[in-house]
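Structure below is final_26.cif: mmCIF, C-alpha atoms.
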data_target
loop_
_atom_site.label_atom_id
_atom_site.label_comp_id
_atom_site.auth_asym_id
_atom_site.auth_seq_id
_atom_site.Cartn_x
_atom_site.Cartn_y
_atom_site.Cartn_z
CA MET U 9 -0.29 20.04 -35.58
CA GLU U 10 -2.70 17.15 -35.09
CA PHE U 11 -4.85 15.92 -32.23
CA ASN U 12 -7.18 12.93 -32.43
CA PHE U 13 -9.07 11.85 -29.34
CA PRO U 14 -12.11 9.62 -29.88
CA THR U 15 -12.61 8.45 -26.27
CA ARG U 16 -15.55 9.83 -24.31
CA ILE U 17 -14.31 10.54 -20.78
CA ILE U 18 -16.54 10.82 -17.71
CA ILE U 19 -14.79 11.53 -14.41
CA LYS U 20 -17.03 11.72 -11.38
CA ARG U 21 -17.54 9.88 -8.13
CA GLY U 22 -20.32 7.38 -8.75
CA CYS U 23 -20.01 7.64 -12.54
CA VAL U 24 -20.23 3.89 -13.20
CA SER U 25 -23.74 3.45 -11.81
CA GLU U 26 -24.86 6.77 -13.29
CA ASN U 27 -23.86 5.67 -16.79
CA ALA U 28 -25.30 2.16 -16.95
CA ASP U 29 -27.30 3.11 -20.05
CA ARG U 30 -24.09 3.99 -21.87
CA LEU U 31 -22.79 0.48 -21.18
CA SER U 32 -25.83 -1.11 -22.76
CA SER U 33 -25.24 0.87 -25.96
CA PHE U 34 -22.25 -1.37 -26.75
CA GLY U 35 -24.19 -4.63 -26.78
CA LYS U 36 -25.92 -7.23 -24.65
CA ARG U 37 -22.93 -9.41 -23.81
CA CYS U 38 -19.57 -8.34 -22.45
CA LEU U 39 -16.41 -9.79 -20.99
CA ILE U 40 -15.08 -8.03 -17.89
CA VAL U 41 -11.28 -8.16 -17.92
CA THR U 42 -9.72 -7.58 -14.52
CA GLY U 43 -7.20 -8.81 -11.95
CA LYS U 44 -7.68 -11.17 -9.06
CA SER U 45 -8.49 -8.79 -6.23
CA SER U 46 -8.03 -5.02 -6.48
CA ALA U 47 -11.22 -4.27 -8.42
CA LYS U 48 -13.15 -6.37 -5.92
CA LEU U 49 -11.61 -4.77 -2.85
CA CYS U 50 -12.28 -1.20 -3.98
CA GLY U 51 -15.90 -1.92 -4.95
CA ALA U 52 -15.41 -1.26 -8.64
CA LEU U 53 -16.34 -4.78 -9.76
CA ASP U 54 -19.59 -4.68 -7.78
CA ASP U 55 -20.41 -1.28 -9.26
CA VAL U 56 -19.85 -2.59 -12.77
CA THR U 57 -21.83 -5.81 -12.39
CA ASN U 58 -24.70 -3.98 -10.67
CA ALA U 59 -24.78 -1.43 -13.48
CA LEU U 60 -24.83 -4.19 -16.10
CA ASP U 61 -27.62 -5.99 -14.26
CA THR U 62 -29.80 -2.87 -14.25
CA VAL U 63 -29.62 -2.59 -18.05
CA ASN U 64 -29.85 -6.35 -18.73
CA VAL U 65 -26.36 -6.78 -20.14
CA ASN U 66 -25.03 -10.30 -19.63
CA TYR U 67 -21.40 -10.68 -18.63
CA LYS U 68 -18.63 -13.07 -17.75
CA ILE U 69 -15.55 -12.20 -15.73
CA PHE U 70 -11.99 -12.96 -16.83
CA ASP U 71 -9.86 -12.24 -13.75
CA LYS U 72 -6.56 -13.86 -14.68
CA ILE U 73 -4.65 -10.66 -15.44
CA THR U 74 -1.49 -10.16 -13.39
CA GLN U 75 0.99 -7.30 -13.22
CA ASN U 76 2.78 -6.89 -16.56
CA PRO U 77 0.13 -8.89 -18.46
CA LEU U 78 1.27 -11.83 -20.54
CA PHE U 79 0.34 -12.38 -24.16
CA SER U 80 -0.68 -15.94 -23.26
CA ASP U 81 -3.24 -14.66 -20.75
CA CYS U 82 -4.58 -12.14 -23.25
CA ARG U 83 -5.02 -14.91 -25.78
CA ALA U 84 -6.87 -16.99 -23.20
CA GLY U 85 -9.12 -14.02 -22.44
CA ALA U 86 -9.79 -13.55 -26.15
CA ALA U 87 -10.82 -17.19 -26.46
CA GLN U 88 -13.26 -16.79 -23.57
CA ALA U 89 -14.66 -13.63 -25.17
CA ARG U 90 -15.25 -15.51 -28.44
CA ASP U 91 -16.78 -18.54 -26.74
CA TRP U 92 -19.09 -16.28 -24.74
CA GLY U 93 -20.03 -14.23 -27.77
CA ALA U 94 -18.93 -10.99 -26.14
CA GLU U 95 -19.91 -7.89 -28.06
CA PHE U 96 -17.66 -5.59 -26.08
CA ILE U 97 -14.98 -5.58 -23.38
CA ILE U 98 -14.98 -3.83 -20.02
CA ALA U 99 -11.37 -3.40 -18.90
CA LEU U 100 -11.36 -2.81 -15.16
CA GLY U 101 -8.41 -2.09 -12.89
CA GLY U 102 -4.97 -0.55 -13.05
CA GLY U 103 -2.72 -0.37 -16.07
CA SER U 104 -2.33 -4.13 -16.46
CA PRO U 105 -6.05 -5.03 -16.82
CA LEU U 106 -6.64 -1.92 -18.96
CA ASP U 107 -3.84 -2.84 -21.35
CA ALA U 108 -4.88 -6.49 -21.37
CA GLY U 109 -8.46 -5.49 -22.14
CA LYS U 110 -7.30 -3.66 -25.26
CA ALA U 111 -5.26 -6.66 -26.36
CA ILE U 112 -8.15 -9.04 -25.76
CA ALA U 113 -10.47 -6.74 -27.72
CA CYS U 114 -8.07 -6.96 -30.66
CA LEU U 115 -7.46 -10.71 -30.45
CA ALA U 116 -11.05 -11.88 -29.84
CA PRO U 117 -12.32 -11.23 -33.40
CA ASN U 118 -9.05 -12.58 -34.85
CA PRO U 119 -8.58 -16.15 -33.60
CA ASP U 120 -5.60 -16.88 -35.84
CA ALA U 121 -3.61 -13.82 -34.75
CA GLY U 122 -0.40 -14.30 -32.79
CA GLU U 123 2.07 -12.04 -31.06
CA LYS U 124 3.44 -10.69 -34.34
CA GLU U 125 0.02 -9.56 -35.50
CA MET U 126 -0.90 -8.07 -32.14
CA TYR U 127 2.22 -5.94 -31.80
CA ALA U 128 2.07 -4.89 -35.46
CA GLN U 129 -1.71 -4.39 -35.28
CA THR U 130 -2.20 -6.23 -38.58
CA PHE U 131 -5.64 -7.71 -38.05
CA ARG U 132 -8.23 -8.81 -40.57
CA ASN U 133 -11.15 -7.88 -38.32
CA PRO U 134 -11.57 -4.71 -36.24
CA PRO U 135 -11.37 -4.95 -32.43
CA LEU U 136 -14.33 -5.09 -30.08
CA SER U 137 -15.27 -1.84 -28.37
CA VAL U 138 -13.62 -1.26 -25.00
CA VAL U 139 -15.02 0.48 -21.93
CA ALA U 140 -12.05 1.32 -19.68
CA ILE U 141 -12.54 1.87 -15.95
CA GLY U 142 -9.40 2.76 -14.04
CA THR U 143 -8.88 2.01 -10.36
CA THR U 144 -5.44 3.60 -9.95
CA ALA U 145 -4.16 7.13 -10.49
CA GLY U 146 -1.12 6.71 -12.66
CA THR U 147 -1.40 4.61 -15.77
CA GLY U 148 -3.64 6.82 -17.92
CA SER U 149 -4.29 3.72 -20.03
CA GLU U 150 -8.03 4.31 -19.94
CA VAL U 151 -7.51 7.22 -22.36
CA THR U 152 -4.73 5.94 -24.64
CA GLN U 153 -4.50 3.81 -27.77
CA VAL U 154 -1.46 1.99 -26.36
CA ALA U 155 -1.10 -1.32 -24.54
CA VAL U 156 2.06 -2.80 -23.06
CA ILE U 157 2.03 -6.60 -23.09
CA THR U 158 4.79 -9.01 -22.06
CA GLY U 159 5.63 -11.35 -24.91
CA SER U 160 6.76 -14.97 -24.84
CA ASP U 161 10.38 -13.74 -24.67
CA GLY U 162 9.65 -12.09 -21.32
CA ARG U 163 10.02 -8.56 -22.64
CA LYS U 164 7.51 -5.76 -22.27
CA LYS U 165 6.52 -4.41 -25.67
CA SER U 166 3.80 -2.05 -26.74
CA PHE U 167 1.35 -1.75 -29.56
CA ARG U 168 -0.28 1.48 -30.61
CA ALA U 169 -3.28 1.94 -32.89
CA ASP U 170 -6.15 4.39 -33.11
CA SER U 171 -8.54 1.44 -33.20
CA ALA U 172 -7.38 0.54 -29.67
CA PHE U 173 -8.64 3.78 -28.11
CA PRO U 174 -11.35 2.90 -25.56
CA ALA U 175 -14.76 4.03 -26.71
CA LEU U 176 -15.63 5.12 -23.17
CA ALA U 177 -13.53 5.85 -20.08
CA LEU U 178 -15.23 6.02 -16.70
CA GLY U 179 -13.14 7.43 -13.87
CA ASP U 180 -14.26 7.28 -10.25
CA PRO U 181 -11.49 8.54 -7.94
CA ARG U 182 -13.13 6.70 -5.01
CA TYR U 183 -11.56 3.48 -6.24
CA THR U 184 -8.05 4.86 -5.76
CA GLU U 185 -8.67 5.28 -2.01
CA PHE U 186 -8.18 1.53 -1.59
CA MET U 187 -4.71 1.41 -3.11
CA PRO U 188 -1.90 0.34 -0.76
CA GLU U 189 0.52 3.14 0.09
CA ASN U 190 3.31 1.77 -2.14
CA VAL U 191 0.91 1.57 -5.09
CA THR U 192 -0.32 5.12 -4.47
CA ARG U 193 3.27 6.35 -4.52
CA ALA U 194 4.43 4.30 -7.52
CA THR U 195 1.42 5.09 -9.70
CA ALA U 196 1.67 8.80 -8.89
CA ALA U 197 5.30 8.70 -10.02
CA ASP U 198 4.21 6.97 -13.23
CA ALA U 199 1.67 9.72 -13.92
CA LEU U 200 4.32 12.40 -13.37
CA SER U 201 6.68 10.51 -15.65
CA HIS U 202 4.05 10.50 -18.40
CA CYS U 203 3.64 14.25 -18.12
CA ILE U 204 7.36 15.01 -18.16
CA GLU U 205 8.27 12.52 -20.88
CA SER U 206 5.49 13.80 -23.10
CA TYR U 207 6.30 17.48 -22.57
CA PHE U 208 9.94 17.05 -23.61
CA ASN U 209 9.14 14.59 -26.40
CA ASN U 210 10.26 15.58 -29.90
CA THR U 211 6.77 14.72 -31.15
CA ALA U 212 4.95 16.96 -28.65
CA ASN U 213 2.73 19.80 -29.84
CA GLU U 214 0.78 22.63 -28.25
CA PHE U 215 -2.20 20.38 -27.49
CA SER U 216 -0.19 17.64 -25.77
CA ARG U 217 1.88 20.12 -23.78
CA LEU U 218 -1.25 21.72 -22.35
CA PHE U 219 -2.18 18.39 -20.79
CA SER U 220 1.42 17.68 -19.72
CA ILE U 221 1.73 20.97 -17.89
CA ARG U 222 -1.65 20.72 -16.18
CA GLY U 223 -0.97 17.17 -15.03
CA ALA U 224 2.56 17.90 -13.83
CA LYS U 225 1.42 20.98 -11.91
CA LEU U 226 -1.30 19.03 -10.11
CA ILE U 227 1.11 16.25 -9.18
CA ALA U 228 3.88 18.61 -8.07
CA ASP U 229 1.42 20.39 -5.78
CA ILE U 230 0.29 17.07 -4.30
CA PHE U 231 3.89 15.96 -3.80
CA LYS U 232 4.63 19.16 -1.87
CA SER U 233 2.06 18.19 0.76
CA PHE U 234 2.26 14.40 0.44
CA PRO U 235 1.54 12.84 3.85
CA ASP U 236 4.13 10.55 5.38
CA ASP U 237 1.64 7.68 5.61
CA GLY U 238 0.45 8.11 2.02
CA ARG U 239 -3.16 8.75 3.08
CA LEU U 240 -4.22 11.42 0.64
CA THR U 241 -7.29 13.55 1.21
CA GLN U 242 -10.33 13.19 -1.03
CA THR U 243 -9.36 16.39 -2.83
CA GLN U 244 -5.84 15.09 -3.41
CA ARG U 245 -7.21 11.78 -4.70
CA ASP U 246 -9.51 13.57 -7.12
CA SER U 247 -6.68 15.79 -8.35
CA LEU U 248 -4.25 12.91 -8.71
CA TYR U 249 -6.70 10.88 -10.75
CA LEU U 250 -7.38 13.85 -13.01
CA ALA U 251 -3.62 14.40 -13.42
CA SER U 252 -3.14 10.78 -14.44
CA VAL U 253 -5.79 11.21 -17.15
CA PHE U 254 -4.08 14.39 -18.34
CA GLY U 255 -0.81 12.46 -18.56
CA GLY U 256 -2.54 9.69 -20.50
CA ILE U 257 -3.97 12.14 -23.01
CA ALA U 258 -0.51 13.69 -23.42
CA ILE U 259 1.20 10.38 -24.19
CA SER U 260 -1.62 9.42 -26.55
CA VAL U 261 -0.07 12.09 -28.78
CA THR U 262 3.63 11.56 -28.10
CA GLY U 263 4.28 8.24 -26.46
CA THR U 264 7.01 8.00 -23.82
CA CYS U 265 10.79 8.25 -24.00
CA ILE U 266 13.86 7.75 -21.78
CA PRO U 267 12.42 6.83 -18.32
CA HIS U 268 9.98 4.28 -19.71
CA ALA U 269 12.40 2.86 -22.27
CA LEU U 270 15.10 2.33 -19.64
CA GLY U 271 12.68 1.32 -16.91
CA TYR U 272 11.26 -1.78 -18.57
CA PHE U 273 14.30 -3.99 -17.92
CA LEU U 274 14.15 -3.18 -14.20
CA THR U 275 10.62 -4.57 -14.14
CA GLU U 276 11.43 -7.58 -16.32
CA ASN U 277 14.69 -8.60 -14.63
CA HIS U 278 14.24 -7.39 -11.05
CA GLY U 279 10.50 -7.15 -10.44
CA VAL U 280 10.65 -3.40 -9.84
CA ALA U 281 7.19 -1.82 -9.96
CA HIS U 282 6.69 0.09 -13.20
CA GLY U 283 6.16 3.49 -11.57
CA THR U 284 9.16 2.97 -9.30
CA ALA U 285 11.34 2.12 -12.30
CA CYS U 286 10.22 5.25 -14.15
CA ALA U 287 10.76 7.42 -11.06
CA PHE U 288 14.33 6.14 -10.78
CA TRP U 289 15.12 7.61 -14.20
CA LEU U 290 13.22 10.89 -13.83
CA PRO U 291 16.02 12.90 -12.15
CA TYR U 292 18.41 11.82 -14.90
CA PHE U 293 15.84 12.86 -17.50
CA ILE U 294 15.28 16.24 -15.85
CA GLU U 295 19.04 16.90 -15.91
CA HIS U 296 19.20 15.72 -19.52
CA ASN U 297 16.55 18.22 -20.56
CA LEU U 298 18.18 21.08 -18.67
CA LYS U 299 21.22 20.49 -20.88
CA TYR U 300 19.63 19.65 -24.23
CA ALA U 301 16.33 21.57 -24.04
CA PRO U 302 17.06 24.58 -21.81
CA ASP U 303 14.31 26.81 -23.21
CA LEU U 304 11.66 24.11 -22.87
CA SER U 305 12.92 23.37 -19.36
CA ALA U 306 12.67 26.99 -18.33
CA CYS U 307 9.08 27.16 -19.60
CA PHE U 308 8.13 23.84 -17.97
CA PHE U 309 9.41 24.70 -14.50
CA LYS U 310 7.94 28.18 -14.66
CA GLU U 311 4.52 26.72 -15.50
CA ILE U 312 4.54 24.12 -12.73
CA GLN U 313 5.97 26.66 -10.26
CA THR U 314 8.63 24.26 -9.07
CA ASP U 315 12.36 24.43 -9.78
CA PRO U 316 14.33 21.39 -11.00
CA ALA U 317 16.11 20.71 -7.72
CA GLU U 318 12.86 20.84 -5.78
CA LEU U 319 11.11 18.50 -8.21
CA GLU U 320 13.95 16.00 -7.98
CA ARG U 321 13.74 16.20 -4.17
CA LEU U 322 9.97 15.66 -4.26
CA ILE U 323 10.33 12.63 -6.52
CA GLY U 324 12.90 11.21 -4.13
CA SER U 325 10.66 11.75 -1.12
CA VAL U 326 7.41 10.40 -2.62
CA ALA U 327 8.35 7.62 -5.06
CA PRO U 328 9.31 4.21 -3.65
CA LYS U 329 13.05 3.62 -3.65
CA MET U 330 14.56 1.50 -6.41
CA THR U 331 16.87 -0.96 -4.65
CA ALA U 332 17.77 -3.40 -7.45
CA ARG U 333 21.46 -3.88 -8.14
CA VAL U 334 22.51 -3.98 -11.77
CA GLY U 335 26.00 -5.10 -12.78
CA ARG U 336 28.16 -4.74 -15.86
CA ALA U 337 27.31 -8.16 -17.26
CA GLU U 338 23.59 -7.43 -17.20
CA LEU U 339 24.03 -4.04 -18.85
CA ASP U 340 26.21 -5.56 -21.56
CA GLY U 341 23.58 -8.21 -22.17
CA MET U 342 20.87 -5.59 -22.53
CA ARG U 343 22.80 -3.38 -24.95
CA GLU U 344 21.15 -4.63 -28.12
CA ARG U 345 17.66 -3.73 -26.98
CA TRP U 346 18.50 -0.03 -26.92
CA ILE U 347 20.08 0.17 -30.36
CA ASN U 348 17.79 2.23 -32.61
CA ASN U 349 15.14 2.30 -29.87
CA SER U 350 12.38 4.57 -31.20
CA CYS U 351 11.37 5.81 -27.73
CA LEU U 352 14.90 6.93 -26.91
CA LYS U 353 15.10 8.81 -30.19
CA LYS U 354 12.11 10.93 -29.14
CA ALA U 355 14.13 12.70 -26.45
CA PRO U 356 15.97 15.97 -27.08
CA GLY U 357 19.65 15.68 -27.97
CA ASN U 358 21.55 12.84 -29.56
CA ILE U 359 20.86 9.64 -27.61
CA ASP U 360 23.50 7.42 -29.19
CA ASN U 361 25.13 4.28 -27.84
CA LYS U 362 28.00 6.21 -26.23
CA TYR U 363 25.55 8.46 -24.40
CA LEU U 364 23.59 5.47 -23.11
CA GLU U 365 26.73 3.67 -21.95
CA LYS U 366 27.73 6.67 -19.85
CA LEU U 367 24.21 7.14 -18.48
CA LEU U 368 23.87 3.50 -17.45
CA GLU U 369 27.34 3.45 -15.91
CA ARG U 370 26.53 6.58 -13.94
CA ALA U 371 23.25 5.10 -12.71
CA PHE U 372 24.51 1.67 -11.70
CA LEU U 373 28.29 1.31 -11.74
CA THR U 374 29.61 4.41 -10.02
CA GLY U 375 29.32 5.24 -6.35
#
Go ahead and render the structure in this file as structure tokens.
Amino acid sequence: MEFNFPTRIIIKRGCVSENADRLSSFGKRCLIVTGKSSAKLCGALDDVTNALDTVNVNYKIFDKITQNPLFSDCRAGAAQARDWGAEFIIALGGGSPLDAGKAIACLAPNPDAGEKEMYAQTFRNPPLSVVAIGTTAGTGSEVTQVAVITGSDGRKKSFRADSAFPALALGDPRYTEFMPENVTRATAADALSHCIESYFNNTANEFSRLFSIRGAKLIADIFKSFPDDGRLTQTQRDSLYLASVFGGIAISVTGTCIPHALGYFLTENHGVAHGTACAFWLPYFIEHNLKYAPDLSACFFKEIQTDPAELERLIGSVAPKMTARVGRAELDGMRERWINNSCLKKAPGNIDNKYLEKLLERAFLTG
């Protein structure tokens, strides 16, 4: 059994301003990697820049990160980091800016690196340090060594390396209060998906399952009292953010499996939000585990004090609905991407091509 976790995590309302001195320990120049608006609207960007000003750290802002960050944008951010002489990266926002920040940190000291080197993590020079500050409660990226970046072929692909772990993660649940209702719902479903996928992962161990169970229990309890308008209480927001971090720690050990692997094409081809795509597959994954991992399933549902049918109902009531239509031609065209897929192989049972064909037909082609 092995557990490596080098990220210092501080979760507290107001933690960014209270830890300005920690930011200055990484250098005197940084690039803030973020999106166009969410970090500004929730006050996180102001908190970060004010904290940097108090400790005399100079900064520039790269705010060109969109949902499902592109390699081309990460390369542009890396060029700005080099030109500015950035000594470290602050990745600020939801999963997209956090993942992009890791990629930029890797690419900045390696100007000749391309997509191949980034995904394979074959760099000559080590990455810049990353401070990750999450503004959503779902991704868990602020505590993982993984980044999912969309390549030039339009496909979402991940890289994973211990050197990509953020050096510091600052989590202020206040920022999540500004999320639109659909984002609150989708990111919560993503966090639950992380917990469930990690727990039933063939690479899970006692450490990772502790975090999976704790995160899933928190989320299940929140889902049981989830308000119709999506306006969570402060206590619920705090718990949901903590659960998302627990899920991130869990997948830092195991990675993800079926829901994420099958959810990516819904995002790529149909613009389905990542958490919504994962939530669509969760009931299928729960049923899969009841069949192929009955003992683990019994333990899991006992620990979270929720039975399988109730959890499926809660997912259906909280997660945004997946409305994309997928036909036979599209599924046939996507077949090659699932052959020998390493994430699918991490699930219990034998996930072969015949199994996948039946699963996809059941999900999309039968009434």
Matched chain/residue IDs from the PyMOL selection byres ((chain U and resi 277-279) around 10), as an MDAnalysis selection string | chainID U and resid 75:76 162:163 272:276 280:282 285 331:334 338
Separation of CA of Ile69 (chain U) from CA of Thr15 (chain U) in Å = 23.4 Å
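Among U:Ser104, U:Thr184, U:Asn12, U:Thr264, the residue with the shortest atom-to-atom distance to Arg245 (chain U), counting all atoms listed in the file, is U:Thr184.
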Here's a test: counting all atoms listed in the file, identify every protein, DNA and RNA residue with an atom at most 7 Å from (-0.5, 0.5, -10.1) in the file's coordinate frame, and state them as a CSV table (one decimal) with C-alpha atoms, in the coordinates of the input.
chain,number,residue,atom,x,y,z
U,102,GLY,CA,-5.0,-0.6,-13.0
U,103,GLY,CA,-2.7,-0.4,-16.1
U,144,THR,CA,-5.4,3.6,-10.0
U,146,GLY,CA,-1.1,6.7,-12.7
U,191,VAL,CA,0.9,1.6,-5.1
U,194,ALA,CA,4.4,4.3,-7.5
U,195,THR,CA,1.4,5.1,-9.7
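Contact shell of Ile312 (chain U) at 9 Å (all atoms listed in the file; same-chain neighbours under 4 positions omitted): Ile221, Arg222, Ala224, Lys225, Leu226, Ala228, Asp229, Cys307 and Phe308 of chain U.
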Have a look at CA of Tyr127 (chain U) and CA of Asn361 (chain U) and let me know their distance in Å, one decimal.
->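 Between CA of Tyr127 (chain U) and CA of Asn361 (chain U) the gap works out to 25.4 Å.
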What lies within 12 Å of Tyr292 (chain U) using all atoms listed in the file, ignoring chain neighbours under 3 positions off, as an NGL selection string?
-> :U and (201 or 204-205 or 266-267 or 270 or 286-289 or 295-299 or 316-317 or 319-320 or 323 or 364 or 366-368 or 370-371)
Can you save region 19-81 of chain U of the given block to a file, including C-alpha atoms and formatted as a CSV table (one decimal), in the first residue's frame?
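Printed below is out-v7.csv as written:
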chain,number,residue,atom,x,y,z
U,19,ILE,CA,-9.3,25.1,3.9
U,20,LYS,CA,-10.8,28.0,5.6
U,21,ARG,CA,-13.0,31.0,4.8
U,22,GLY,CA,-10.6,33.9,4.3
U,23,CYS,CA,-7.6,31.6,3.9
U,24,VAL,CA,-6.1,33.5,0.9
U,25,SER,CA,-5.5,36.8,2.7
U,26,GLU,CA,-4.4,35.0,5.8
U,27,ASN,CA,-1.7,33.1,3.9
U,28,ALA,CA,-0.1,35.9,1.9
U,29,ASP,CA,3.3,35.1,3.4
U,30,ARG,CA,3.1,31.6,2.1
U,31,LEU,CA,2.6,33.0,-1.5
U,32,SER,CA,5.8,35.1,-1.2
U,33,SER,CA,7.8,32.0,-0.3
U,34,PHE,CA,7.5,30.8,-3.9
U,35,GLY,CA,9.1,33.8,-5.5
U,36,LYS,CA,8.7,37.5,-6.4
U,37,ARG,CA,7.0,37.1,-9.8
U,38,CYS,CA,4.0,34.9,-10.6
U,39,LEU,CA,1.5,34.4,-13.4
U,40,ILE,CA,-2.1,34.1,-12.3
U,41,VAL,CA,-3.9,31.6,-14.6
U,42,THR,CA,-7.7,32.0,-14.6
U,43,GLY,CA,-10.8,32.3,-16.7
U,44,LYS,CA,-12.6,35.3,-18.0
U,45,SER,CA,-15.1,36.0,-15.3
U,46,SER,CA,-15.9,33.6,-12.5
U,47,ALA,CA,-12.8,34.3,-10.3
U,48,LYS,CA,-13.6,38.0,-10.6
U,49,LEU,CA,-17.3,37.7,-9.8
U,50,CYS,CA,-16.8,35.6,-6.7
U,51,GLY,CA,-14.0,37.9,-5.3
U,52,ALA,CA,-11.3,35.4,-5.5
U,53,LEU,CA,-9.1,37.3,-8.0
U,54,ASP,CA,-9.3,40.5,-5.8
U,55,ASP,CA,-8.3,38.4,-2.8
U,56,VAL,CA,-5.3,37.0,-4.6
U,57,THR,CA,-4.0,40.2,-6.0
U,58,ASN,CA,-4.5,42.0,-2.7
U,59,ALA,CA,-2.6,39.3,-0.9
U,60,LEU,CA,0.2,39.5,-3.5
U,61,ASP,CA,0.4,43.2,-3.1
U,62,THR,CA,0.8,43.0,0.6
U,63,VAL,CA,3.9,40.8,0.3
U,64,ASN,CA,5.3,42.6,-2.7
U,65,VAL,CA,4.9,39.8,-5.2
U,66,ASN,CA,4.6,41.1,-8.8
U,67,TYR,CA,2.1,39.4,-11.0
U,68,LYS,CA,0.5,39.3,-14.4
U,69,ILE,CA,-2.9,37.8,-15.2
U,70,PHE,CA,-3.5,35.2,-18.0
U,71,ASP,CA,-7.3,35.0,-18.2
U,72,LYS,CA,-7.8,33.2,-21.5
U,73,ILE,CA,-8.7,29.8,-20.1
U,74,THR,CA,-12.1,28.4,-21.2
U,75,GLN,CA,-14.0,25.3,-20.3
U,76,ASN,CA,-12.1,22.2,-21.4
U,77,PRO,CA,-8.8,24.1,-21.7
U,78,LEU,CA,-7.0,23.9,-25.0
U,79,PHE,CA,-3.3,22.9,-25.4
U,80,SER,CA,-2.9,26.0,-27.6
U,81,ASP,CA,-4.1,28.3,-24.8
